[in-house]
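Shown next: query.txt, containing compact mmCIF, C-alpha atoms.
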```
# COMPACT_ATOMS: atom_id res chain seq x y z
CA MET A 1305 132.14 35.97 -207.11
CA SER A 1306 131.08 37.17 -210.55
CA ARG A 1307 127.73 38.93 -210.50
CA SER A 1308 126.51 36.92 -213.49
CA SER A 1309 126.56 33.32 -214.71
CA PRO A 1310 125.21 31.61 -217.82
CA VAL A 1311 123.27 29.16 -215.62
CA VAL A 1312 121.99 29.68 -212.08
CA ILE A 1313 120.39 26.81 -210.14
CA VAL A 1314 118.35 27.60 -207.03
CA SER A 1315 118.16 24.46 -204.92
CA ALA A 1316 117.30 23.07 -201.50
CA PHE A 1317 117.77 19.76 -199.69
CA GLY A 1318 120.20 18.35 -202.25
CA ARG A 1319 117.99 18.63 -205.34
CA GLY A 1320 120.30 20.60 -207.62
CA GLN A 1321 123.72 19.09 -206.96
CA SER A 1322 123.67 16.32 -209.55
CA LEU A 1323 122.45 18.64 -212.31
CA ALA A 1324 125.06 21.26 -211.43
CA SER A 1325 127.79 18.62 -211.45
CA ARG A 1326 126.75 17.20 -214.81
CA LEU A 1327 126.56 20.66 -216.36
CA ARG A 1328 130.11 21.31 -215.22
CA ASP A 1329 131.14 18.01 -216.79
CA ALA A 1330 129.77 19.53 -220.02
CA GLU A 1331 131.86 22.68 -219.34
CA VAL A 1332 128.80 24.85 -218.64
CA PRO A 1333 129.50 27.54 -215.99
CA VAL A 1334 127.07 27.17 -213.09
CA VAL A 1335 126.20 28.97 -209.87
CA LEU A 1336 124.29 26.84 -207.36
CA ILE A 1337 122.39 28.77 -204.67
CA ASP A 1338 121.26 26.61 -201.74
CA VAL A 1339 118.34 28.04 -199.74
CA SER A 1340 117.64 25.04 -197.48
CA GLU A 1341 118.07 27.11 -194.32
CA ASP A 1342 115.39 29.58 -195.45
CA LEU A 1343 112.58 27.02 -195.83
CA GLY A 1344 111.81 26.22 -192.21
CA ALA A 1345 112.97 23.73 -189.61
CA SER A 1346 113.29 20.03 -190.36
CA GLY A 1347 115.53 17.13 -189.51
CA PRO A 1348 117.93 15.74 -192.11
CA GLU A 1349 115.80 12.57 -192.18
CA ASP A 1350 112.78 14.64 -193.24
CA GLU A 1351 114.77 16.22 -196.04
CA GLU A 1352 116.09 12.87 -197.28
CA GLY A 1353 112.68 11.19 -197.28
CA PRO A 1354 111.78 7.50 -196.98
CA PHE A 1355 112.31 6.29 -200.54
CA GLY A 1356 115.91 5.06 -200.73
CA VAL A 1357 117.62 4.80 -204.13
CA PHE A 1358 117.53 2.03 -206.71
CA LEU A 1359 121.00 2.30 -208.24
CA SER A 1360 120.45 -0.27 -211.00
CA GLY A 1361 120.09 1.53 -214.31
CA LEU A 1362 121.27 4.92 -213.10
CA ALA A 1363 123.89 6.86 -215.05
CA PRO A 1364 127.38 6.71 -213.50
CA ALA A 1365 127.19 10.44 -212.68
CA ASP A 1366 123.97 9.90 -210.74
CA GLN A 1367 125.43 6.93 -208.89
CA ASP A 1368 128.37 9.16 -207.99
CA ARG A 1369 125.97 11.78 -206.61
CA VAL A 1370 124.31 9.26 -204.28
CA HIS A 1371 127.65 8.70 -202.53
CA GLN A 1372 128.48 12.37 -201.92
CA ASP A 1373 126.63 12.98 -198.64
CA ASP A 1374 126.93 10.51 -195.77
CA PRO A 1375 128.01 6.97 -196.76
CA PRO A 1376 124.99 5.05 -198.16
CA HIS A 1377 123.98 1.57 -197.03
CA ASN A 1378 123.55 -1.25 -199.56
CA GLN A 1379 120.59 -3.41 -198.51
CA GLU A 1380 121.82 -6.75 -199.80
CA GLU A 1381 118.38 -8.36 -199.62
CA GLY A 1382 117.05 -5.59 -201.86
CA ALA A 1383 113.75 -3.84 -201.33
CA ALA A 1384 111.83 -5.54 -198.53
CA PHE A 1385 108.06 -5.73 -198.06
CA VAL A 1386 106.13 -7.03 -195.07
CA LEU A 1387 102.62 -8.30 -195.79
CA ALA A 1388 100.08 -9.95 -193.51
CA SER A 1389 101.35 -13.30 -194.81
CA GLY A 1390 105.00 -12.51 -194.17
CA PRO A 1391 108.01 -10.80 -195.79
CA LEU A 1392 109.10 -10.53 -199.41
CA GLU A 1393 112.72 -9.64 -200.19
CA MET A 1394 113.41 -8.73 -203.81
CA LYS A 1395 117.02 -9.97 -204.04
CA SER A 1396 116.76 -13.10 -201.95
CA PRO A 1397 117.41 -16.64 -203.25
CA LEU A 1398 113.78 -17.28 -202.29
CA THR A 1399 112.30 -14.30 -204.15
CA LYS A 1400 110.75 -16.29 -207.03
CA ASN A 1401 109.39 -18.95 -204.71
CA ARG A 1402 107.83 -16.30 -202.50
CA LEU A 1403 106.26 -14.48 -205.47
CA GLU A 1404 104.68 -17.73 -206.65
CA LYS A 1405 103.21 -18.36 -203.20
CA LEU A 1406 101.79 -14.84 -203.20
CA GLY A 1407 100.22 -15.39 -206.62
CA VAL A 1408 102.38 -12.73 -208.29
CA PRO A 1409 103.37 -13.68 -211.87
CA LEU A 1410 107.12 -14.15 -212.30
CA HIS A 1411 107.13 -12.00 -215.40
CA THR A 1412 106.69 -9.11 -212.97
CA LEU A 1413 110.48 -9.35 -212.68
CA GLU A 1414 110.77 -9.12 -216.48
CA THR A 1415 108.71 -5.92 -216.38
CA PHE A 1416 111.15 -4.43 -213.87
CA ARG A 1417 114.10 -5.48 -216.04
CA ASP A 1418 112.50 -3.95 -219.15
CA LEU A 1419 111.75 -0.83 -217.14
CA ARG A 1420 115.45 -0.35 -216.41
CA ASP A 1421 116.28 -0.94 -220.07
CA GLY A 1422 113.72 1.60 -221.25
CA LYS A 1423 111.66 -1.00 -223.13
CA VAL A 1424 108.33 -0.61 -221.31
CA LYS A 1425 105.94 1.61 -223.27
CA SER A 1426 102.62 0.78 -221.65
CA PHE A 1427 101.30 -0.77 -218.46
CA GLY A 1428 97.85 -1.58 -219.83
CA GLU A 1429 98.30 -5.29 -219.18
CA TRP A 1430 98.77 -4.65 -215.47
CA MET A 1431 95.86 -2.24 -215.20
CA ASN A 1432 93.48 -5.00 -216.22
CA ARG A 1433 94.84 -7.62 -213.81
CA ASP A 1434 93.39 -8.43 -210.41
CA LEU A 1435 95.15 -6.56 -207.59
CA ARG A 1436 96.29 -9.85 -206.01
CA GLU A 1437 98.41 -10.48 -209.12
CA ALA A 1438 99.41 -6.90 -209.91
CA TRP A 1439 99.91 -5.29 -206.48
CA LEU A 1440 103.70 -5.24 -206.79
CA ILE A 1441 103.54 -3.32 -210.08
CA HIS A 1442 101.02 -0.90 -208.60
CA LEU A 1443 103.26 -0.45 -205.57
CA ALA A 1444 106.18 0.31 -207.91
CA ALA A 1445 104.05 3.12 -209.36
CA GLY A 1446 102.59 4.42 -206.12
CA LEU A 1447 105.30 4.17 -203.48
CA ALA A 1448 107.28 7.23 -204.60
CA ALA A 1449 104.49 8.92 -206.57
CA ASN A 1450 104.01 12.70 -206.46
CA SER A 1451 100.24 12.26 -206.46
CA TYR A 1452 97.96 9.86 -204.64
CA ARG A 1453 95.94 7.76 -207.08
CA PRO A 1454 93.89 4.79 -205.89
CA TYR A 1455 94.17 1.42 -207.61
CA PRO A 1456 94.31 1.04 -210.60
CA GLU A 1457 94.86 4.69 -211.57
CA GLY A 1458 98.42 4.89 -210.23
CA LEU A 1459 99.93 3.37 -213.36
CA ALA A 1460 98.78 6.40 -215.36
CA SER A 1461 101.75 8.43 -214.09
CA GLY A 1462 104.16 6.35 -216.18
CA PHE A 1463 106.82 6.42 -213.43
CA LEU A 1464 107.66 3.12 -211.77
CA LEU A 1465 110.49 2.01 -209.53
CA ALA A 1466 112.26 -1.14 -210.68
CA LEU A 1467 111.81 -2.81 -207.31
CA ASP A 1468 114.16 -5.72 -207.95
CA GLY A 1469 117.24 -3.53 -208.45
CA ASP A 1470 120.19 -2.82 -206.18
CA PHE A 1471 118.69 -0.87 -203.31
CA TRP A 1472 120.62 1.66 -201.24
CA ILE A 1473 119.56 3.77 -198.27
CA ARG A 1474 121.29 6.98 -197.29
CA PRO A 1475 121.55 7.50 -193.52
CA VAL A 1476 121.85 11.27 -193.27
CA THR A 1477 123.30 13.87 -190.94
CA ARG A 1478 123.29 17.65 -191.08
CA PRO A 1479 126.91 17.85 -192.35
CA GLY A 1480 125.97 15.57 -195.25
CA LEU A 1481 124.38 18.41 -197.23
CA GLN A 1482 127.54 20.48 -196.89
CA GLN A 1483 129.61 17.51 -198.08
CA SER A 1484 127.59 17.31 -201.29
CA LEU A 1485 127.98 21.07 -201.82
CA ASP A 1486 131.74 20.72 -201.26
CA TRP A 1487 131.72 17.99 -203.92
CA CYS A 1488 130.04 20.42 -206.33
CA GLU A 1489 132.71 23.01 -205.63
CA ARG A 1490 135.43 20.47 -206.37
CA LYS A 1491 133.71 19.90 -209.72
CA GLY A 1492 133.95 23.63 -210.48
CA VAL A 1493 130.46 24.75 -209.46
CA GLN A 1494 130.20 28.13 -207.69
CA VAL A 1495 128.19 27.33 -204.55
CA ARG A 1496 126.46 29.98 -202.44
CA ARG A 1497 124.63 29.48 -199.14
CA ASP A 1498 124.91 33.06 -197.97
CA MET A 1499 122.23 34.70 -200.13
CA THR A 1500 118.73 35.80 -199.20
CA LEU A 1501 116.70 35.82 -202.41
CA LEU A 1502 114.22 38.66 -202.73
CA ASP A 1503 112.89 38.94 -206.29
CA VAL A 1504 113.63 38.21 -209.93
CA ALA A 1505 114.35 40.88 -212.53
CA THR A 1506 112.63 40.61 -215.91
CA GLU A 1507 113.41 41.84 -219.40
CA GLY A 1508 110.41 42.15 -221.65
CA ARG A 1509 107.38 39.94 -221.19
CA ARG A 1510 108.97 36.50 -221.36
CA GLN A 1511 112.58 36.86 -220.30
CA LEU A 1512 114.17 36.72 -216.86
CA LYS A 1513 117.54 38.38 -216.45
CA GLY A 1514 118.64 38.25 -212.83
CA LEU A 1515 117.96 37.39 -209.19
CA GLN A 1516 117.67 40.17 -206.67
CA PHE A 1517 119.42 39.11 -203.47
CA ARG A 1518 121.02 40.33 -200.29
CA LEU A 1519 124.00 38.71 -198.64
CA LYS A 1520 123.03 37.48 -195.18
CA SER A 1521 125.87 39.56 -193.77
CA SER A 1522 124.71 42.74 -195.52
CA GLN A 1523 121.71 44.99 -196.06
CA THR A 1524 122.74 45.90 -199.61
CA THR A 1525 120.54 44.61 -202.42
CA GLU A 1526 122.36 43.23 -205.48
CA ILE A 1527 121.53 41.48 -208.76
CA LEU A 1528 122.95 38.15 -209.94
CA GLY A 1529 122.49 38.01 -213.70
CA PHE A 1530 121.90 34.81 -215.65
CA GLU A 1531 120.92 33.51 -219.06
CA GLN A 1532 119.17 30.36 -217.80
CA LEU A 1533 117.49 29.84 -214.43
CA VAL A 1534 116.76 26.36 -213.04
CA TRP A 1535 114.35 26.54 -210.10
CA CYS A 1536 114.34 23.45 -207.84
CA LEU A 1537 111.71 24.66 -205.34
CA THR A 1538 108.01 23.87 -205.36
CA GLY A 1539 105.53 26.69 -205.76
CA GLU A 1540 104.67 26.55 -202.06
CA GLU A 1541 108.35 26.68 -201.09
CA THR A 1542 108.81 29.64 -203.43
CA ALA A 1543 105.91 31.52 -201.81
CA PHE A 1544 107.38 30.77 -198.37
CA LEU A 1545 110.80 32.01 -199.49
CA ALA A 1546 109.58 35.27 -201.07
CA PRO A 1547 106.07 36.11 -202.33
CA ASN A 1548 107.54 38.30 -205.08
CA LEU A 1549 109.35 35.29 -206.51
CA GLN A 1550 106.21 33.16 -206.46
CA GLU A 1551 104.18 35.81 -208.29
CA LYS A 1552 106.69 35.92 -211.14
CA LEU A 1553 107.82 32.29 -211.37
CA PHE A 1554 104.36 30.78 -210.72
CA PRO A 1555 102.07 33.50 -212.13
CA GLU A 1556 99.11 31.15 -212.54
CA GLY A 1557 99.21 30.09 -208.92
CA ILE A 1558 100.76 27.24 -206.98
CA LEU A 1559 99.74 23.67 -206.30
CA LYS A 1560 98.94 22.80 -202.71
CA PRO A 1561 99.43 19.14 -201.77
CA SER A 1562 96.49 16.91 -200.94
CA TRP A 1563 98.66 14.37 -199.06
CA VAL A 1564 102.08 14.50 -197.41
CA TRP A 1565 104.58 11.98 -196.07
CA THR A 1566 105.00 12.32 -192.30
CA ARG A 1567 107.66 10.75 -190.08
CA PHE A 1568 107.20 9.29 -186.59
CA ARG A 1569 110.19 8.26 -184.48
CA LEU A 1570 109.80 5.07 -182.44
CA ARG A 1571 111.92 3.35 -179.82
CA LEU A 1572 112.22 -0.44 -179.74
CA ALA A 1573 114.12 -2.33 -177.07
CA ALA A 1574 116.49 -5.11 -178.07
CA CYS A 1575 114.56 -8.17 -179.20
CA PRO A 1576 114.83 -10.92 -181.85
CA GLU A 1577 112.44 -9.08 -184.18
CA ARG A 1578 114.56 -5.93 -184.10
CA ASP A 1579 117.71 -7.88 -184.86
CA ILE A 1580 116.32 -9.34 -188.08
CA LEU A 1581 114.61 -6.20 -189.37
CA PRO A 1582 116.07 -4.99 -192.67
CA PHE A 1583 117.39 -1.46 -192.67
CA HIS A 1584 114.40 -0.35 -194.79
CA SER A 1585 111.05 -2.09 -195.26
CA VAL A 1586 107.57 -1.31 -196.57
CA TRP A 1587 104.68 -2.65 -194.49
CA ILE A 1588 101.23 -3.21 -195.99
CA ARG A 1589 98.54 -4.30 -193.60
CA ASP A 1590 95.76 -4.99 -196.13
CA LEU A 1591 96.32 -4.90 -199.89
CA ASP A 1592 92.65 -4.19 -200.54
CA LEU A 1593 92.44 -1.06 -198.39
CA PRO A 1594 93.77 2.37 -199.46
CA TRP A 1595 97.55 2.59 -199.22
CA THR A 1596 97.55 5.51 -196.80
CA HIS A 1597 97.85 6.10 -193.06
CA GLU A 1598 99.07 3.06 -191.11
CA ASN A 1599 97.88 0.65 -193.82
CA LEU A 1600 101.06 1.39 -195.79
CA LEU A 1601 104.10 2.58 -193.94
CA ILE A 1602 107.83 2.67 -194.51
CA LEU A 1603 110.01 1.59 -191.60
CA GLN A 1604 113.65 2.61 -191.53
CA LYS A 1605 116.35 1.97 -188.94
CA CYS A 1606 118.23 4.91 -187.44
CA PRO A 1607 121.96 5.03 -186.60
CA SER A 1608 121.03 4.46 -182.95
CA PRO A 1609 120.00 0.77 -182.80
CA ASP A 1610 116.98 1.36 -180.56
CA LEU A 1611 115.38 3.98 -182.85
CA LEU A 1612 113.16 3.50 -185.89
CA ASP A 1613 111.47 5.96 -188.23
CA ALA A 1614 107.98 5.13 -189.47
CA TRP A 1615 106.67 7.12 -192.46
CA ILE A 1616 103.02 7.29 -193.47
CA ARG A 1617 100.91 9.34 -195.89
CA ILE A 1618 98.34 11.61 -194.28
CA PRO A 1619 96.01 14.34 -195.61
CA ALA A 1620 97.97 17.56 -196.03
CA ASP A 1621 95.49 19.62 -194.05
CA GLN A 1622 96.22 17.46 -190.97
CA ARG A 1623 99.98 17.96 -191.08
CA LEU A 1624 100.09 20.46 -188.22
CA GLN A 1625 97.23 19.04 -186.13
CA LYS A 1626 98.78 17.68 -182.94
CA ALA A 1627 95.75 15.62 -181.84
CA TYR A 1628 95.46 14.00 -185.26
CA LEU A 1629 99.16 13.17 -185.38
CA SER A 1630 99.01 11.65 -181.91
CA GLU A 1631 96.11 9.45 -183.05
CA GLN A 1632 98.05 8.30 -186.11
CA LEU A 1633 101.11 7.57 -184.01
CA ASP A 1634 99.02 5.43 -181.65
CA ARG A 1635 97.76 3.43 -184.64
CA VAL A 1636 101.30 2.89 -185.87
CA LEU A 1637 102.38 1.69 -182.43
CA GLU A 1638 99.37 -0.63 -182.27
CA LEU A 1639 100.31 -2.14 -185.64
CA PHE A 1640 103.82 -2.97 -184.55
CA SER A 1641 102.68 -4.22 -181.16
CA GLU A 1642 100.72 -6.88 -183.04
CA ARG A 1643 103.82 -7.97 -184.99
CA PHE A 1644 106.57 -7.67 -182.38
CA VAL A 1645 105.96 -10.27 -179.69
CA THR A 1646 108.88 -9.94 -177.30
CA ALA A 1647 109.14 -6.14 -177.17
CA ARG A 1648 106.75 -3.31 -177.93
CA PRO A 1649 107.76 -0.09 -179.65
CA VAL A 1650 107.04 3.19 -177.90
CA LYS A 1651 107.05 6.82 -178.95
CA ALA A 1652 110.59 8.20 -178.94
CA GLU A 1653 109.65 11.84 -179.53
CA GLU A 1654 106.76 14.03 -180.53
CA PRO A 1655 106.34 14.57 -184.31
CA LEU A 1656 108.05 17.84 -185.19
CA SER A 1657 105.06 18.97 -187.24
CA GLY A 1658 102.82 18.70 -184.19
CA GLU A 1659 105.00 21.01 -182.13
CA ARG A 1660 105.71 23.90 -184.51
CA THR A 1661 103.78 26.47 -186.53
CA TYR A 1662 103.74 26.60 -190.32
CA ARG A 1663 106.03 29.63 -190.24
CA GLU A 1664 108.55 27.65 -188.18
CA LEU A 1665 108.31 24.42 -190.19
CA GLY A 1666 107.83 25.68 -193.71
CA PRO A 1667 106.18 23.73 -196.54
CA PRO A 1668 106.13 19.90 -196.51
CA ARG A 1669 109.27 18.28 -197.83
CA TRP A 1670 107.46 15.43 -199.60
CA PRO A 1671 104.10 16.58 -201.02
CA LEU A 1672 101.61 14.54 -203.04
CA PHE A 1673 99.36 16.59 -205.29
CA ASP A 1674 95.89 16.00 -206.63
CA ALA A 1675 96.38 14.02 -209.85
CA ARG A 1676 93.99 16.16 -211.90
CA GLU A 1677 95.50 19.41 -210.68
CA LEU A 1678 98.96 18.05 -211.44
CA LEU A 1679 97.98 17.31 -215.05
CA SER A 1680 96.71 20.86 -215.53
CA PHE A 1681 99.67 22.53 -213.78
CA ARG A 1682 101.46 25.10 -215.90
CA SER A 1683 104.58 27.05 -215.07
CA GLY A 1684 105.42 30.56 -216.21
CA HIS A 1685 106.01 31.22 -219.88
CA GLU A 1686 109.54 32.60 -219.60
CA TYR A 1687 111.91 31.32 -222.24
CA ASN A 1688 114.82 30.92 -219.85
CA LEU A 1689 113.11 29.40 -216.79
CA THR A 1690 113.16 25.66 -216.05
CA LEU A 1691 111.12 24.36 -213.13
CA HIS A 1692 112.73 21.24 -211.66
CA SER A 1693 110.69 20.23 -208.59
CA ALA A 1694 107.97 17.87 -207.39
CA GLU A 1695 105.30 19.45 -209.64
CA THR A 1696 107.32 18.70 -212.79
CA TRP A 1697 108.77 15.33 -211.82
CA ASN A 1698 106.79 12.12 -212.26
CA GLY A 1699 107.51 11.00 -208.71
CA LEU A 1700 109.47 11.73 -205.53
CA GLY A 1701 112.93 10.81 -204.33
CA PHE A 1702 116.25 10.48 -206.13
CA ASN A 1703 115.09 8.07 -208.82
CA ALA A 1704 112.37 10.49 -209.93
CA LEU A 1705 114.72 13.46 -209.68
CA PHE A 1706 117.38 11.77 -211.81
CA LYS A 1707 114.85 10.77 -214.46
CA ALA A 1708 113.50 14.32 -214.73
CA GLU A 1709 117.04 15.66 -214.73
CA GLU A 1710 117.89 13.91 -217.99
CA LYS A 1711 115.48 16.14 -219.92
CA VAL A 1712 116.70 19.32 -218.20
CA LEU A 1713 120.31 18.38 -218.81
CA SER A 1714 119.65 17.66 -222.49
CA GLN A 1715 117.92 21.01 -223.00
CA LEU A 1716 120.59 23.04 -221.25
CA THR A 1717 123.55 21.35 -222.90
CA ALA A 1718 121.91 21.80 -226.34
CA TRP A 1719 121.35 25.48 -225.53
CA TRP A 1720 124.97 25.87 -224.40
CA LYS A 1721 126.33 24.20 -227.52
CA LYS A 1722 124.31 26.53 -229.76
CA ARG A 1723 125.33 29.55 -227.67
CA GLU A 1724 129.01 28.70 -227.98
CA GLU A 1725 128.74 28.08 -231.72
CA LEU A 1726 127.22 31.54 -232.20
CA ARG A 1727 129.88 33.11 -229.98
CA LEU A 1728 132.69 31.52 -232.01
CA LYS A 1729 131.10 32.67 -235.26
CA ARG A 1730 130.92 36.24 -233.96
CA GLU A 1731 134.55 36.10 -232.85
CA GLN A 1732 135.69 34.71 -236.20
CA LYS A 1733 133.69 37.36 -238.03
CA GLY A 1734 135.33 40.04 -235.90
CA LEU A 1735 138.79 38.74 -236.78
CA THR A 1736 138.10 38.87 -240.50
CA THR A 1737 136.75 42.43 -240.56
```
Write the structure described by the file as structure tokens, please.
Amino acid sequence: MSRSSPVVIVSAFGRGQSLASRLRDAEVPVVLIDVSEDLGASGPEDEEGPFGVFLSGLAPADQDRVHQDDPPHNQEEGAAFVLASGPLEMKSPLTKNRLEKLGVPLHTLETFRDLRDGKVKSFGEWMNRDLREAWLIHLAAGLAANSYRPYPEGLASGFLLALDGDFWIRPVTRPGLQQSLDWCERKGVQVRRDMTLLDVATEGRRQLKGLQFRLKSSQTTEILGFEQLVWCLTGEETAFLAPNLQEKLFPEGILKPSWVWTRFRLRLAACPERDILPFHSVWIRDLDLPWTHENLLILQKCPSPDLLDAWIRIPADQRLQKAYLSEQLDRVLELFSERFVTARPVKAEEPLSGERTYRELGPPRWPLFDARELLSFRSGHEYNLTLHSAETWNGLGFNALFKAEEKVLSQLTAWWKKREELRLKREQKGLTT
């Protein structure tokens, strides 16, 4: 491997693959360093998250990326929601009829369509509506948000999921990450998973020039030079990886999450309710209560038919508290016991975060930050550093990642074009002298 590259992307849990692939499509040389194994223990389901992917409106390259791990599942009924009054499926023949019965204006669907087409500039109309009419729009803003904002503040983020689009879920396995890295290599990306990152070398006050690393099979320290660095780790993940890196890449400090998504695994015996469950569904117990804890949860089927994953948002400072997690799990089980008549779900396993230390688990995979702190967050001032992580996205999950990626891709391809133009001019000048 060359010990330098015009662009280096440091990534984890699949965040950098699509950007690396699209840069190679633009003929930009890229090294992608994956450090997933250095950020603590987690299951592949924890790394994938509970959000699914709305493919409608995505660029073809991003749609291609979604299919590069394990085969995704197309939920034909679209996004599914379970309210106290019953289910709502967003691509059902009965969708409009169900929205009318719920009191949700049908032009909600027009807002989602305009959102995909890039025509929505403001959500002021929805902020002033009663929650009973506007809850679906607020859910579109809050479900995959990177901050927790109570109604009606959630619309201020400007990031909404177009909930009526084609909805896919990615059942994941550990080999899936390697498959997506193999895909990057086939596209011409240099992929490395064998590096332990130690520090970053600087040049002057506002220029980074290389990553200090050690191969995992060696004790020798080396430098990988670059012209542009894209950093796909949160500040907390960076501090966990190497404090020296955090001090230089996040010199003004890191954001700690106020909430986190947490996964509970349930077991449900065969019953009519299990048979008709969609692969992925969002359950809201009471629209008027805060959309946290068991009042809003995401239920997703596992490859084994008797297993289900239930995701809820909890305060970040309770993430490792075993007693608290057990209490929340009991509440989740109680909720489903009320809805499933012929069989009751039971705990399938203890939550991983209740059994391990922070040093074993690492930072949370899906953090939600304080909205005010997020607005004031500032990265380092280096000219050639791009932060591409949950603090700089407008949301969580693939849809938020892809949206943020467009800006990063535009900046880097413009930089590369200018760089190559200057290189050609220098070469031509050298030939004429």
Which of A:Leu1359, A:Ile1602, A:Ala1505, A:Leu1559 sits closest to Phe1471 of chain A [using all atoms listed in the file]: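 The shortest atom-to-atom distance to Phe1471 of chain A comes from A:Leu1359.
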Within 8 Å of segment 1448-1459 of chain A using all atoms listed in the file, minus same-chain residues under 5 positions, as a ChimeraX atom specification: /A:1355,1427,1431,1442,1464-1465,1563,1594-1595,1671-1675,1678,1694-1695,1697-1701
d(atom CA of Arg1571 of chain A, atom CA of Lys1605 of chain A) in Å: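 That distance, rounded to one decimal, is 10.2 Å.
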Closest of A:Gln1550, A:Thr1506, A:Asn1378, A:Ser1360 to Asp1421 of chain A - atom-to-atom distances counting only C-alpha atoms: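 Among the listed residues, A:Ser1360 lies closest to Asp1421 of chain A.
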Atom CA of Trp1472 of chain A to atom CA of Cys1536 of chain A, straight-line distance in Å: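 Spanning atom CA of Cys1536 of chain A to atom CA of Trp1472 of chain A is a straight-line distance of 23.6 Å.
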List the neighbours of Val1335 of chain A out to 8 Å using only C-alpha atoms; skip same-chain residues closer than 2 positions along the sequence, and give me the result as a compact mmCIF listing (two decimals) with C-alpha atoms, keeping the file's coordinate frame.
```txt
# COMPACT_ATOMS: atom_id res chain seq x y z
CA SER A 1309 126.56 33.32 -214.71
CA VAL A 1311 123.27 29.16 -215.62
CA VAL A 1312 121.99 29.68 -212.08
CA ILE A 1313 120.39 26.81 -210.14
CA ALA A 1324 125.06 21.26 -211.43
CA PRO A 1333 129.50 27.54 -215.99
CA ILE A 1337 122.39 28.77 -204.67
CA VAL A 1493 130.46 24.75 -209.46
CA GLN A 1494 130.20 28.13 -207.69
CA VAL A 1495 128.19 27.33 -204.55
CA ARG A 1496 126.46 29.98 -202.44
```
Nearest to Pro1561 of chain A by atom-to-atom distance, counting only C-alpha atoms, from A:Lys1707, A:Arg1589, A:Arg1682, A:Arg1623: A:Arg1623
Distance criterion (only C-alpha atoms): nearest to Val1386 of chain A out of A:Leu1716, A:Leu1691, A:Ile1588, A:Leu1593: A:Ile1588
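Residues in contact with Leu1591 of chain A at 8 Å, where all atoms listed in the file are counted and same-chain residues fewer than 5 positions away are skipped, are listed as Leu1435, Arg1436 and Trp1439 of chain A.
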Limited to C-alpha atoms, could you put the picked residues into a file as a compact mmCIF listing (two decimals), in the frame of the given file?
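Wrote again_35.txt, looks like this:
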```txt
# COMPACT_ATOMS: atom_id res chain seq x y z
CA LEU A 1435 95.15 -6.56 -207.59
CA ARG A 1436 96.29 -9.85 -206.01
CA TRP A 1439 99.91 -5.29 -206.48
```
One-decimal distance in Å that lies between atom CA of Arg1402 of chain A and atom CA of Ala1388 of chain A: 13.5 Å
All residues 10 Å or closer to Pro1348 of chain A, all atoms listed in the file, same chain fewer than 4 positions away omitted, as number ranges by chain: A: 1317, 1352-1353, 1475-1481
Top pick for closest residue to Glu1638 of chain A, considering A:Lys1651, A:Arg1676, A:Arg1660, A:Arg1669 and counting all atoms listed in the file: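 Looking at the shortest contact to Glu1638 of chain A, the residue is A:Lys1651.
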Residue among A:Trp1487, A:Tyr1628, A:Trp1430, A:Trp1535 lying closest to Ala1460 of chain A, counting all atoms listed in the file: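 Counting all atoms listed in the file, the residue closest to Ala1460 of chain A is A:Trp1430.
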Each side padded by 8 Å, which centre and which edge lengths in Å (one decimal) define the axis-aligned box around the listed atoms of segment 1315-1334 of chain A? Give them as lines of an AutoDock Vina configuration file.
```
center_x = 124.6
center_y = 21.9
center_z = -209.9
size_x = 30.6
size_y = 27.2
size_z = 36.3
```
Arg1328 of chain A surroundings by only C-alpha atoms, 10 Å radius, close-in-sequence under 4 positions cut, as a list in words: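 So, after excluding close chain neighbours, the residues are Ser1322, Leu1323, Ala1324, Val1332, Pro1333, Val1334, Cys1488, Lys1491, Gly1492 and Val1493 of chain A.
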